[in-house]
$ cat coords10.pdb   # PDB, C-alpha atoms and all ligand atoms
ATOM      1  CA  MET V   1       0.000   0.000   0.000
ATOM      2  CA  GLY V   2       1.125   3.592   0.356
ATOM      3  CA  SER V   3       3.999   5.234   2.124
ATOM      4  CA  VAL V   4       3.055   8.162   4.361
ATOM      5  CA  PHE V   5       5.628  10.700   5.510
ATOM      6  CA  VAL V   6       4.516  12.024   8.898
ATOM      7  CA  THR V   7       6.546  15.112   9.671
ATOM      8  CA  ARG V   8       6.242  15.012  13.507
ATOM      9  CA  ALA V   9       5.097  12.666  16.233
ATOM     10  CA  VAL V  10       1.354  13.155  16.779
ATOM     11  CA  PRO V  11      -0.871  12.297  19.753
ATOM     12  CA  GLY V  12      -3.630   9.695  19.675
ATOM     13  CA  ASP V  13      -4.239   6.780  17.353
ATOM     14  CA  ALA V  14      -3.808   8.470  13.956
ATOM     15  CA  LEU V  15      -0.724   6.475  12.999
ATOM     16  CA  ASP V  16      -2.429   3.225  14.007
ATOM     17  CA  ARG V  17      -5.256   4.148  11.644
ATOM     18  CA  LEU V  18      -2.798   4.570   8.788
ATOM     19  CA  ALA V  19      -1.209   1.222   9.593
ATOM     20  CA  GLU V  20      -4.614  -0.470   9.866
ATOM     21  CA  ALA V  21      -5.390   0.778   6.375
ATOM     22  CA  GLY V  22      -2.234  -0.985   5.200
ATOM     23  CA  HIS V  23       0.063   2.023   4.824
ATOM     24  CA  SER V  24       3.646   2.260   5.969
ATOM     25  CA  VAL V  25       4.540   5.245   8.116
ATOM     26  CA  ASP V  26       7.808   7.118   7.688
ATOM     27  CA  LEU V  27       7.802   9.134  10.921
ATOM     28  CA  TRP V  28      10.143  12.093  11.397
ATOM     29  CA  SER V  29      11.020  11.651  15.043
ATOM     30  CA  GLY V  30      12.834  14.949  15.579
ATOM     31  CA  GLU V  31      11.440  17.426  18.070
ATOM     32  CA  LEU V  32      11.958  20.164  15.474
ATOM     33  CA  PRO V  33      10.427  20.143  11.979
ATOM     34  CA  PRO V  34      12.423  18.372   9.270
ATOM     35  CA  PRO V  35      14.864  20.796   7.634
ATOM     36  CA  ALA V  36      13.943  21.665   4.035
ATOM     37  CA  ALA V  37      16.389  19.174   2.502
ATOM     38  CA  ASP V  38      15.095  16.312   4.655
ATOM     39  CA  LEU V  39      11.508  17.253   3.914
ATOM     40  CA  VAL V  40      12.207  17.079   0.182
ATOM     41  CA  ALA V  41      14.128  13.797   0.527
ATOM     42  CA  HIS V  42      11.321  12.099   2.456
ATOM     43  CA  LEU V  43       8.548  13.486   0.249
ATOM     44  CA  ALA V  44      10.374  12.241  -2.853
ATOM     45  CA  THR V  45       9.353   8.659  -2.135
ATOM     46  CA  ALA V  46       6.046   9.316  -0.326
ATOM     47  CA  ASP V  47       2.497   8.702  -1.528
ATOM     48  CA  ALA V  48       1.129  11.025   1.139
ATOM     49  CA  ALA V  49       2.336  13.579   3.660
ATOM     50  CA  LEU V  50       0.802  14.183   7.069
ATOM     51  CA  ALA V  51       2.204  17.679   7.499
ATOM     52  CA  MET V  52       2.206  20.524  10.013
ATOM     53  CA  VAL V  53       1.877  24.282   9.571
ATOM     54  CA  THR V  54       5.637  24.450  10.128
ATOM     55  CA  ASP V  55       6.340  22.420   6.957
ATOM     56  CA  ARG V  56       6.663  24.724   3.954
ATOM     57  CA  ILE V  57       5.985  22.480   0.969
ATOM     58  CA  ASP V  58       6.637  24.516  -2.153
ATOM     59  CA  ALA V  59       6.302  23.913  -5.898
ATOM     60  CA  GLN V  60       9.804  22.466  -6.136
ATOM     61  CA  ALA V  61       9.217  19.973  -3.345
ATOM     62  CA  ILE V  62       5.947  18.889  -4.923
ATOM     63  CA  ALA V  63       7.549  18.561  -8.376
ATOM     64  CA  ALA V  64      10.287  16.409  -6.853
ATOM     65  CA  SER V  65       7.718  14.017  -5.334
ATOM     66  CA  PRO V  66       6.294  12.067  -8.269
ATOM     67  CA  SER V  67       4.157   9.652  -6.240
ATOM     68  CA  LEU V  68       2.762  12.229  -3.795
ATOM     69  CA  LYS V  69      -1.041  12.306  -3.972
ATOM     70  CA  VAL V  70      -2.095  14.225  -0.893
ATOM     71  CA  ILE V  71      -0.660  16.729   1.553
ATOM     72  CA  SER V  72      -2.806  16.374   4.631
ATOM     73  CA  ASN V  73      -2.214  19.337   6.913
ATOM     74  CA  MET V  74      -2.817  18.713  10.608
ATOM     75  CA  ALA V  75      -4.199  22.252  10.977
ATOM     76  CA  VAL V  76      -7.125  24.298   9.831
ATOM     77  CA  GLY V  77      -4.727  26.838   8.291
ATOM     78  CA  TYR V  78      -2.798  25.854   5.180
ATOM     79  CA  ASP V  79      -0.661  28.859   4.329
ATOM     80  CA  ASN V  80       2.387  26.544   4.303
ATOM     81  CA  VAL V  81       1.258  25.090   0.956
ATOM     82  CA  ASP V  82      -0.129  26.891  -2.073
ATOM     83  CA  PRO V  83      -3.398  25.048  -2.831
ATOM     84  CA  ALA V  84      -3.300  26.017  -6.526
ATOM     85  CA  VAL V  85       0.291  24.834  -6.966
ATOM     86  CA  ALA V  86      -0.613  21.492  -5.382
ATOM     87  CA  ALA V  87      -3.770  21.209  -7.511
ATOM     88  CA  ASP V  88      -1.834  21.942 -10.703
ATOM     89  CA  ALA V  89       0.488  19.079  -9.835
ATOM     90  CA  GLY V  90      -2.478  16.762  -9.206
ATOM     91  CA  VAL V  91      -1.989  16.739  -5.425
ATOM     92  CA  TRP V  92      -4.843  17.110  -2.958
ATOM     93  CA  LEU V  93      -4.388  19.505  -0.055
ATOM     94  CA  THR V  94      -6.554  18.901   3.007
ATOM     95  CA  ASN V  95      -6.991  20.497   6.434
ATOM     96  CA  THR V  96      -8.725  19.829   9.757
ATOM     97  CA  PRO V  97     -11.658  22.227  10.112
ATOM     98  CA  GLY V  98     -14.206  22.145  12.921
ATOM     99  CA  VAL V  99     -12.366  20.038  15.465
ATOM    100  CA  LEU V 100     -10.140  22.794  16.824
ATOM    101  CA  ALA V 101     -12.470  25.795  16.873
ATOM    102  CA  GLU V 102     -13.572  25.574  20.510
ATOM    103  CA  THR V 103     -10.085  24.816  21.818
ATOM    104  CA  THR V 104      -8.590  27.694  19.831
ATOM    105  CA  ALA V 105     -11.268  30.070  21.081
ATOM    106  CA  ASP V 106     -10.557  28.899  24.638
ATOM    107  CA  LEU V 107      -6.962  30.070  24.288
ATOM    108  CA  ALA V 108      -7.927  33.296  22.520
ATOM    109  CA  PHE V 109     -10.199  34.115  25.438
ATOM    110  CA  ALA V 110      -7.520  33.079  27.937
ATOM    111  CA  LEU V 111      -5.110  35.496  26.235
ATOM    112  CA  LEU V 112      -7.715  38.239  26.265
ATOM    113  CA  MET V 113      -8.210  37.758  29.999
ATOM    114  CA  ALA V 114      -4.487  37.435  30.688
ATOM    115  CA  ALA V 115      -3.764  40.737  28.958
ATOM    116  CA  ALA V 116      -6.762  42.524  30.459
ATOM    117  CA  ARG V 117      -5.976  41.474  34.014
ATOM    118  CA  GLN V 118      -2.176  41.313  33.885
ATOM    119  CA  VAL V 119      -2.079  37.607  34.693
ATOM    120  CA  ALA V 120       1.331  36.919  33.137
ATOM    121  CA  ARG V 121       2.904  40.036  34.618
ATOM    122  CA  GLY V 122       1.450  39.271  38.063
ATOM    123  CA  ASP V 123       2.809  35.725  37.903
ATOM    124  CA  ARG V 124       6.256  36.938  36.812
ATOM    125  CA  ASP V 125       6.363  39.501  39.622
ATOM    126  CA  ALA V 126       5.161  37.049  42.282
ATOM    127  CA  ARG V 127       7.867  34.545  41.305
ATOM    128  CA  ALA V 128      10.509  37.259  41.300
ATOM    129  CA  GLY V 129       9.704  38.328  44.865
ATOM    130  CA  LEU V 130       8.192  41.631  43.734
ATOM    131  CA  TRP V 131       4.863  40.996  45.512
ATOM    132  CA  LYS V 132       5.394  43.353  48.458
ATOM    133  CA  THR V 133       1.818  44.105  49.546
ATOM    134  CA  TRP V 134      -1.771  44.452  48.434
ATOM    135  CA  SER V 135      -1.849  47.769  46.641
ATOM    136  CA  PRO V 136      -4.924  49.863  45.847
ATOM    137  CA  THR V 137      -3.194  51.155  42.732
ATOM    138  CA  GLY V 138      -1.244  48.080  41.613
ATOM    139  CA  TYR V 139      -2.025  45.976  38.535
ATOM    140  CA  LEU V 140      -5.074  47.979  37.563
ATOM    141  CA  GLY V 141      -6.510  46.192  34.567
ATOM    142  CA  THR V 142      -9.450  46.394  32.206
ATOM    143  CA  ASP V 143     -12.880  44.935  32.938
ATOM    144  CA  ILE V 144     -13.978  42.247  30.522
ATOM    145  CA  HIS V 145     -17.657  42.135  31.472
ATOM    146  CA  GLY V 146     -19.564  44.968  29.831
ATOM    147  CA  ALA V 147     -16.722  45.685  27.376
ATOM    148  CA  THR V 148     -16.977  45.536  23.584
ATOM    149  CA  LEU V 149     -15.298  42.623  21.818
ATOM    150  CA  GLY V 150     -14.466  43.168  18.153
ATOM    151  CA  ILE V 151     -13.959  39.977  16.167
ATOM    152  CA  VAL V 152     -12.170  40.160  12.836
ATOM    153  CA  GLY V 153     -13.099  37.093  10.782
ATOM    154  CA  LEU V 154     -16.277  35.339  11.883
ATOM    155  CA  GLY V 155     -15.475  31.787  10.798
ATOM    156  CA  GLU V 156     -15.942  28.881  13.148
ATOM    157  CA  ILE V 157     -13.214  30.070  15.549
ATOM    158  CA  GLY V 158     -14.411  33.684  15.494
ATOM    159  CA  GLU V 159     -17.929  32.500  16.230
ATOM    160  CA  ALA V 160     -16.717  30.355  19.141
ATOM    161  CA  MET V 161     -14.889  33.430  20.468
ATOM    162  CA  ALA V 162     -18.056  35.501  20.084
ATOM    163  CA  ARG V 163     -19.995  32.996  22.192
ATOM    164  CA  ARG V 164     -17.383  33.219  24.932
ATOM    165  CA  GLY V 165     -17.585  36.998  24.852
ATOM    166  CA  ARG V 166     -21.354  36.870  25.074
ATOM    167  CA  GLY V 167     -21.062  34.550  28.078
ATOM    168  CA  PHE V 168     -18.956  37.210  29.786
ATOM    169  CA  GLY V 169     -21.567  39.887  29.156
ATOM    170  CA  MET V 170     -19.694  41.620  26.353
ATOM    171  CA  ARG V 171     -21.107  43.491  23.384
ATOM    172  CA  ILE V 172     -19.982  41.672  20.230
ATOM    173  CA  LEU V 173     -19.016  43.434  17.002
ATOM    174  CA  TYR V 174     -17.673  41.597  13.989
ATOM    175  CA  ALA V 175     -16.096  42.411  10.653
ATOM    176  CA  SER V 176     -16.040  39.624   8.111
ATOM    177  CA  ARG V 177     -16.023  39.033   4.360
ATOM    178  CA  THR V 178     -19.591  37.779   4.582
ATOM    179  CA  ARG V 179     -22.382  38.751   6.887
ATOM    180  CA  LYS V 180     -23.620  35.963   9.214
ATOM    181  CA  PRO V 181     -27.301  36.607  10.001
ATOM    182  CA  ALA V 182     -27.623  33.305  11.904
ATOM    183  CA  VAL V 183     -24.818  34.286  14.295
ATOM    184  CA  GLU V 184     -26.284  37.760  14.638
ATOM    185  CA  ALA V 185     -29.628  36.236  15.606
ATOM    186  CA  ALA V 186     -28.157  33.579  17.904
ATOM    187  CA  ILE V 187     -25.770  35.732  19.934
ATOM    188  CA  GLY V 188     -26.605  39.287  19.032
ATOM    189  CA  ALA V 189     -23.329  39.939  17.200
ATOM    190  CA  GLU V 190     -23.336  43.218  15.271
ATOM    191  CA  PHE V 191     -21.845  43.442  11.776
ATOM    192  CA  THR V 192     -19.605  46.442  11.101
ATOM    193  CA  SER V 193     -16.734  47.580   8.910
ATOM    194  CA  LEU V 194     -13.184  46.820  10.021
ATOM    195  CA  ASP V 195     -12.517  50.510  10.646
ATOM    196  CA  GLY V 196     -15.768  50.862  12.597
ATOM    197  CA  LEU V 197     -14.818  47.860  14.734
ATOM    198  CA  LEU V 198     -11.297  49.142  15.417
ATOM    199  CA  GLU V 199     -12.600  52.533  16.519
ATOM    200  CA  VAL V 200     -15.088  51.125  19.020
ATOM    201  CA  ALA V 201     -13.813  47.799  20.374
ATOM    202  CA  ASP V 202     -12.160  47.457  23.773
ATOM    203  CA  PHE V 203     -10.727  44.113  22.621
ATOM    204  CA  VAL V 204      -9.881  43.280  19.017
ATOM    205  CA  SER V 205      -9.475  39.548  18.378
ATOM    206  CA  LEU V 206      -8.153  38.305  15.025
ATOM    207  CA  HIS V 207      -9.563  35.091  13.523
ATOM    208  CA  MET V 208      -9.045  35.361   9.774
ATOM    209  CA  PRO V 209      -6.954  32.952   7.684
ATOM    210  CA  LEU V 210      -3.653  34.182   6.263
ATOM    211  CA  THR V 211      -4.215  35.037   2.602
ATOM    212  CA  PRO V 212      -2.716  37.638   0.269
ATOM    213  CA  VAL V 213      -5.605  39.902   1.344
ATOM    214  CA  THR V 214      -5.172  39.472   5.100
ATOM    215  CA  ARG V 215      -1.347  39.607   5.167
ATOM    216  CA  GLY V 216      -0.479  42.807   7.043
ATOM    217  CA  LEU V 217      -4.176  43.695   7.379
ATOM    218  CA  ILE V 218      -3.576  45.191  10.808
ATOM    219  CA  GLY V 219      -0.975  47.839  10.016
ATOM    220  CA  ALA V 220      -0.063  51.288  11.307
ATOM    221  CA  ARG V 221      -3.301  52.862  10.046
ATOM    222  CA  GLU V 222      -5.500  50.186  11.605
ATOM    223  CA  LEU V 223      -3.603  50.287  14.913
ATOM    224  CA  SER V 224      -3.989  54.065  14.973
ATOM    225  CA  LEU V 225      -7.766  53.642  14.762
ATOM    226  CA  MET V 226      -7.838  51.546  17.932
ATOM    227  CA  LYS V 227      -8.595  53.141  21.291
ATOM    228  CA  SER V 228      -5.565  53.823  23.482
ATOM    229  CA  THR V 229      -7.233  51.577  26.079
ATOM    230  CA  ALA V 230      -7.813  48.712  23.632
ATOM    231  CA  ILE V 231      -6.166  45.292  23.674
ATOM    232  CA  LEU V 232      -5.220  43.332  20.534
ATOM    233  CA  VAL V 233      -5.449  39.521  20.593
ATOM    234  CA  ASN V 234      -4.019  37.374  17.784
ATOM    235  CA  THR V 235      -4.486  33.616  17.460
ATOM    236  CA  ALA V 236      -4.630  33.675  13.631
ATOM    237  CA  ARG V 237      -1.194  34.064  12.017
ATOM    238  CA  GLY V 238       1.629  36.412  12.983
ATOM    239  CA  THR V 239       1.820  38.056   9.581
ATOM    240  CA  VAL V 240      -1.784  39.320   9.578
ATOM    241  CA  ILE V 241      -0.296  42.059  11.785
ATOM    242  CA  ASP V 242       2.470  44.389  10.632
ATOM    243  CA  GLN V 243       4.609  43.542  13.629
ATOM    244  CA  ALA V 244       6.909  46.574  13.307
ATOM    245  CA  ALA V 245       3.810  48.782  13.401
ATOM    246  CA  LEU V 246       2.588  46.898  16.474
ATOM    247  CA  VAL V 247       5.891  47.467  18.268
ATOM    248  CA  HIS V 248       5.632  51.135  17.380
ATOM    249  CA  ALA V 249       2.055  51.343  18.712
ATOM    250  CA  LEU V 250       3.085  49.660  21.969
ATOM    251  CA  ARG V 251       6.108  51.946  22.358
ATOM    252  CA  ALA V 252       3.920  54.998  21.777
ATOM    253  CA  ALA V 253       1.173  53.527  24.018
ATOM    254  CA  THR V 254      -1.461  54.148  21.361
ATOM    255  CA  ILE V 255      -2.941  50.774  22.324
ATOM    256  CA  ALA V 256      -3.001  49.336  25.841
ATOM    257  CA  ALA V 257      -1.721  45.785  25.364
ATOM    258  CA  ALA V 258      -1.356  42.829  23.028
ATOM    259  CA  ALA V 259      -1.755  39.096  23.496
ATOM    260  CA  LEU V 260      -0.197  36.983  20.779
ATOM    261  CA  ASP V 261      -0.206  33.236  20.198
ATOM    262  CA  VAL V 262       1.325  33.747  16.772
ATOM    263  CA  THR V 263       4.217  35.956  15.734
ATOM    264  CA  ASP V 264       6.493  36.689  12.800
ATOM    265  CA  PRO V 265       8.785  34.797  12.792
ATOM    266  CA  GLU V 266       8.016  31.714  14.849
ATOM    267  CA  PRO V 267       9.618  31.074  17.187
ATOM    268  CA  LEU V 268      10.088  34.727  18.089
ATOM    269  CA  PRO V 269      13.735  35.255  19.151
ATOM    270  CA  ALA V 270      14.005  35.819  22.904
ATOM    271  CA  SER V 271      15.779  39.122  22.172
ATOM    272  CA  HIS V 272      12.785  40.494  20.240
ATOM    273  CA  GLU V 273      11.493  43.862  21.437
ATOM    274  CA  LEU V 274       7.971  42.474  21.856
ATOM    275  CA  PHE V 275       9.246  40.546  24.884
ATOM    276  CA  SER V 276      10.336  43.799  26.535
ATOM    277  CA  PHE V 277       6.797  45.112  27.013
ATOM    278  CA  PRO V 278       5.201  44.126  30.344
ATOM    279  CA  ASN V 279       1.789  44.603  28.721
ATOM    280  CA  VAL V 280       2.408  41.967  26.044
ATOM    281  CA  VAL V 281       1.541  38.303  26.580
ATOM    282  CA  ILE V 282       3.090  35.796  24.183
ATOM    283  CA  THR V 283       2.381  32.081  23.920
ATOM    284  CA  PRO V 284       4.169  29.701  21.510
ATOM    285  CA  HIS V 285       1.419  28.995  18.909
ATOM    286  CA  ILE V 286      -0.507  26.675  21.224
ATOM    287  CA  ALA V 287      -4.120  27.637  20.548
ATOM    288  CA  SER V 288      -5.179  24.143  19.422
ATOM    289  CA  ALA V 289      -2.926  22.386  21.918
ATOM    290  CA  SER V 290      -5.202  20.263  24.057
ATOM    291  CA  LEU V 291      -4.580  16.523  24.031
ATOM    292  CA  ALA V 292      -8.117  15.767  22.875
ATOM    293  CA  THR V 293      -8.103  18.333  20.086
ATOM    294  CA  ARG V 294      -4.645  17.553  18.751
ATOM    295  CA  SER V 295      -5.596  13.833  18.766
ATOM    296  CA  ARG V 296      -8.751  14.636  16.780
ATOM    297  CA  MET V 297      -6.771  16.782  14.340
ATOM    298  CA  ALA V 298      -4.245  13.990  13.760
ATOM    299  CA  ARG V 299      -7.005  11.424  13.273
ATOM    300  CA  MET V 300      -8.773  13.678  10.786
ATOM    301  CA  ALA V 301      -5.529  14.266   8.895
ATOM    302  CA  ALA V 302      -4.973  10.496   8.750
ATOM    303  CA  ALA V 303      -8.548   9.917   7.527
ATOM    304  CA  ASN V 304      -7.993  12.306   4.626
ATOM    305  CA  ILE V 305      -4.917  10.327   3.607
ATOM    306  CA  VAL V 306      -6.735   6.997   3.841
ATOM    307  CA  GLU V 307      -9.463   8.325   1.525
ATOM    308  CA  VAL V 308      -7.077   9.622  -1.133
ATOM    309  CA  LEU V 309      -4.856   6.553  -1.113
ATOM    310  CA  ALA V 310      -7.987   4.451  -1.602
ATOM    311  CA  GLY V 311      -8.761   6.476  -4.719
ATOM    312  CA  ARG V 312     -11.545   8.511  -3.135
ATOM    313  CA  LYS V 313     -12.021  12.238  -2.670
ATOM    314  CA  PRO V 314     -10.687  13.433   0.703
ATOM    315  CA  ILE V 315     -13.122  14.470   3.412
ATOM    316  CA  ASN V 316     -11.680  17.975   3.905
ATOM    317  CA  PRO V 317     -10.191  19.170   0.620
ATOM    318  CA  VAL V 318      -9.063  22.771   0.280
ATOM    319  CA  ASN V 319      -8.164  22.377  -3.379
ATOM    320  CA  ALA V 320      -9.451  20.327  -6.293
ATOM    321  CA  PRO V 321      -6.836  18.868  -8.615
ATOM    322  CA  ALA V 322      -8.252  18.667 -12.148
ATOM    323  CA  MET V 323      -6.273  15.476 -12.687
ATOM    324  CA  PRO V 324      -5.519  13.855  -9.308
ATOM    325  CA  ARG V 325      -2.558  11.533  -9.427
ATOM    326  CA  MET V 326      -3.539   7.910  -9.913
ATOM    327  CA  PRO V 327      -4.698   6.076  -6.779
ATOM    328  CA  LEU V 328      -2.809   3.076  -5.515
ATOM    329  CA  THR V 329      -3.696  -0.254  -7.047
TER     330      THR V 329
HETATM  331  C1  LIG R   1      -4.087  25.797  12.700
HETATM  332  O1  LIG R   1      -4.791  24.793  12.848
HETATM  333  O2  LIG R   1      -4.053  26.428  11.656
HETATM  334  C2  LIG R   1      -3.246  26.194  13.842
HETATM  335  O3  LIG R   1      -2.581  27.363  13.663
HETATM  336  C3  LIG R   1      -2.320  25.062  14.239
HETATM  337  O4  LIG R   1      -3.023  24.448  15.258
END
$ encode --input "coords10.pdb" --output "structure tokens" --more "lines below"
Ligand code: DGY
Amino acid sequence: MGSVFVTRAVPGDALDRLAEAGHSVDLWSGELPPPAADLVAHLATADAALAMVTDRIDAQAIAASPSLKVISNMAVGYDNVDPAVAADAGVWLTNTPGVLAETTADLAFALLMAAARQVARGDRDARAGLWKTWSPTGYLGTDIHGATLGIVGLGEIGEAMARRGRGFGMRILYASRTRKPAVEAAIGAEFTSLDGLLEVADFVSLHMPLTPVTRGLIGARELSLMKSTAILVNTARGTVIDQAALVHALRAATIAAAALDVTDPEPLPASHELFSFPNVVITPHIASASLATRSRMARMAAANIVEVLAGRKPINPVNAPAMPRMPLT
């Protein structure tokens, strides 16, 4: 049967599922992603790849992999592969929608709360022996209840974030490519323009995919529209924000704080200026990182491979090759 290159160890029973379907697994056991040359070398003989967002699989790598039929990303995002390039080469590209929305929104809301209430700073200070007394003026944060949450990108993760905001008694604004009347009716979210949202929101949470349109969407102009008391939360992709403009806004205190699960680059070097701001919370791209969710993502990624290698259409395609490469016989 097929040979599947799995670019990192994954939780759960996904690899067993591949084996049960008769496929051999070539597992990259390194803690870090395979370097580009190793990725190309392993893909060259693979029928399928179970890949991560950290694996940039470009046109050259695809062209050098004659038997590759599917790149199954263990992620909802797929900006590490160009879907059209893969389709042109007859290779399916798949993702893992749905299963990680709630877990990702959990972390986005945790970041929002951490930034609003100085959780990370308080923890750092307590550990460092800087907790001297209860102070009536210390660590004054921002109330979450009653505040306005602005959601940019109302896909499944944005909607899950909106529900959390509603549960905390927040007013919900959203800016999105398409209007979502059902979400408006269900949770009272209000549709607005991006500029309108930035001007009004106390918290701006980003949930759009990275595309040529969203790259750098939050730049100097957009940051300047935000209230000086507002907090920016990003669990989408680092490059949807112009990071130099964000540093500038934080230096000039034209926004109050930022909470980032994604940065540009990743990992962010420890010497980066963003780490110097006490009002910035940074986590290492962990929004989907619960054991249950990552296990579901891996299983879903494996299921897409099993379908393609059996000559069927994958369950979660994000492209449509006109001439898919021949299934296994
Ligand atoms: C995704 O799914 O796109 C995340 O960024 C990785 O969990």
$ residues_near_ligand --input "coords10.pdb" --ligand "ligand LIG 1 (chain R)" --cutoff "6 Å" --atoms "only C-alpha atoms and all ligand atoms" --output "PDB file with C-alpha atoms, in the frame of the given file"
ATOM      1  CA  ALA V  75      -4.199  22.252  10.977  1.00  0.00           C
ATOM      2  CA  VAL V  76      -7.125  24.298   9.831  1.00  0.00           C
ATOM      3  CA  GLY V  77      -4.727  26.838   8.291  1.00  0.00           C
ATOM      4  CA  SER V 288      -5.179  24.143  19.422  1.00  0.00           C
TER       5      SER V 288
END
$ closest_residue --input "coords10.pdb" --among "V:Leu107, V:Val40, V:Leu206, V:Leu140" --to "Gly158 in chain V" --atoms "all atoms listed in the file"
V:Leu206
$ residues_around --input "coords10.pdb" --residues "range 265-271 of chain V" --least-positions-apart "3" --cutoff "8 Å" --atoms "only C-alpha atoms" --output "MDAnalysis selection string"
chainID V and resid 238 262 275 284
$ resolve_selection --input "coords10.pdb" --expression "the PyMOL selection byres (((chain V and resi 49-54) around 8) and not hetatm)" --output "list in words"
Val4, Phe5, Val6, Thr7, Arg8, Pro33, Leu43, Ala46, Asp47, Ala48, Asp55, Arg56, Leu68, Val70, Ile71, Ser72, Asn73, Met74, Ala75, Gly77, Tyr78, Asp79, Asn80, Ala301, Ala302 and Ile305 of chain V
$ resolve_selection --input "coords10.pdb" --expression "the PyMOL selection byres (((chain V and resi 232) around 10) and not hetatm)" --output "PyMOL selection string"
chain V and resi 111-112+115+150+198+201-206+223+226+230-231+233-234+246+255-260+280
$ resolve_selection --input "coords10.pdb" --expression "the PyMOL selection byres (((chain V and resi 19) around 12) and not hetatm)" --output "list in words"
Met1, Gly2, Ser3, Val4, Asp13, Ala14, Leu15, Asp16, Arg17, Leu18, Glu20, Ala21, Gly22, His23, Ser24, Val25, Asp26, Ala302, Ala303, Ile305 and Val306 of chain V
$ residues_around --input "coords10.pdb" --residues "His248 in chain V" --least-positions-apart "2" --cutoff "12 Å" --atoms "all atoms listed in the file" --output "PyMOL selection string"
chain V and resi 219-221+223-224+242-246+250-255+273-274+277
$ atom_distance --input "coords10.pdb" --atom1 "CA of Ile172 in chain V" --atom2 "CA of Ile151 in chain V"
7.5 Å
$ atom_distance --input "coords10.pdb" --atom1 "CA of Leu194 in chain V" --atom2 "CA of Asp261 in chain V"
21.4 Å
$ residues_near_point --input "coords10.pdb" --point "(-4.0, 14.4, 22.6)" --cutoff "12 Å" --atoms "only C-alpha atoms" --output "ChimeraX atom specification"
/V:9-14,100,288-299
$ residues_near_point --input "coords10.pdb" --point "(0.6, 39.8, 31.1)" --cutoff "9 Å" --atoms "all atoms listed in the file" --output "PyMOL selection string"
chain V and resi 111+114-124+257-259+278-282
$ atom_distance --input "coords10.pdb" --atom1 "CA of Ile218 in chain V" --atom2 "CA of Asn316 in chain V"
29.2 Å
$ closest_residue --input "coords10.pdb" --among "V:Pro35, V:Gly129, V:Gly165, V:Pro136" --to "Thr148 in chain V" --atoms "only C-alpha atoms"
V:Gly165
$ closest_residue --input "coords10.pdb" --among "V:Thr239, V:Glu156, V:Met170, V:Val247" --to "Pro97 in chain V" --atoms "only C-alpha atoms"
V:Glu156
$ residues_around --input "coords10.pdb" --residues "Ser65 in chain V" --least-positions-apart "4" --cutoff "7 Å" --atoms "only C-alpha atoms" --output "MDAnalysis selection string"
chainID V and resid 43:45 61
$ axis_aligned_box --input "coords10.pdb" --around "range 297-300 of chain V" --padding-each-side "4 Å" --output "JSON"
{"center_x": -6.5, "center_y": 14.1, "center_z": 12.6, "size_x": 12.5, "size_y": 13.4, "size_z": 11.6}
$ build_atoms --input "coords10.pdb" --residues "range 32-43 of chain V" --atoms "N, CA and C atoms" --output "compact mmCIF listing (two decimals), keeping the file's coordinate frame"
# COMPACT_ATOMS: atom_id res chain seq x y z
N LEU V 32 12.12 19.01 16.37
CA LEU V 32 11.96 20.16 15.47
C LEU V 32 11.49 19.66 14.11
N PRO V 33 10.88 20.56 13.31
CA PRO V 33 10.43 20.14 11.98
C PRO V 33 11.59 19.66 11.13
N PRO V 34 11.33 18.77 10.15
CA PRO V 34 12.42 18.37 9.27
C PRO V 34 12.97 19.58 8.52
N PRO V 35 14.30 19.73 8.46
CA PRO V 35 14.86 20.80 7.63
C PRO V 35 14.44 20.60 6.18
N ALA V 36 14.47 21.69 5.41
CA ALA V 36 13.94 21.66 4.04
C ALA V 36 14.49 20.49 3.22
N ALA V 37 15.79 20.24 3.32
CA ALA V 37 16.39 19.17 2.50
C ALA V 37 15.84 17.81 2.91
N ASP V 38 15.65 17.60 4.19
CA ASP V 38 15.10 16.31 4.66
C ASP V 38 13.64 16.17 4.24
N LEU V 39 12.91 17.28 4.32
CA LEU V 39 11.51 17.25 3.91
C LEU V 39 11.42 16.80 2.45
N VAL V 40 12.22 17.42 1.61
CA VAL V 40 12.21 17.08 0.18
C VAL V 40 12.61 15.61 -0.01
N ALA V 41 13.64 15.17 0.70
CA ALA V 41 14.13 13.80 0.53
C ALA V 41 13.05 12.79 0.92
N HIS V 42 12.35 13.06 2.01
CA HIS V 42 11.32 12.10 2.46
C HIS V 42 10.08 12.16 1.56
N LEU V 43 9.73 13.36 1.13
CA LEU V 43 8.55 13.49 0.25
C LEU V 43 8.79 12.81 -1.09
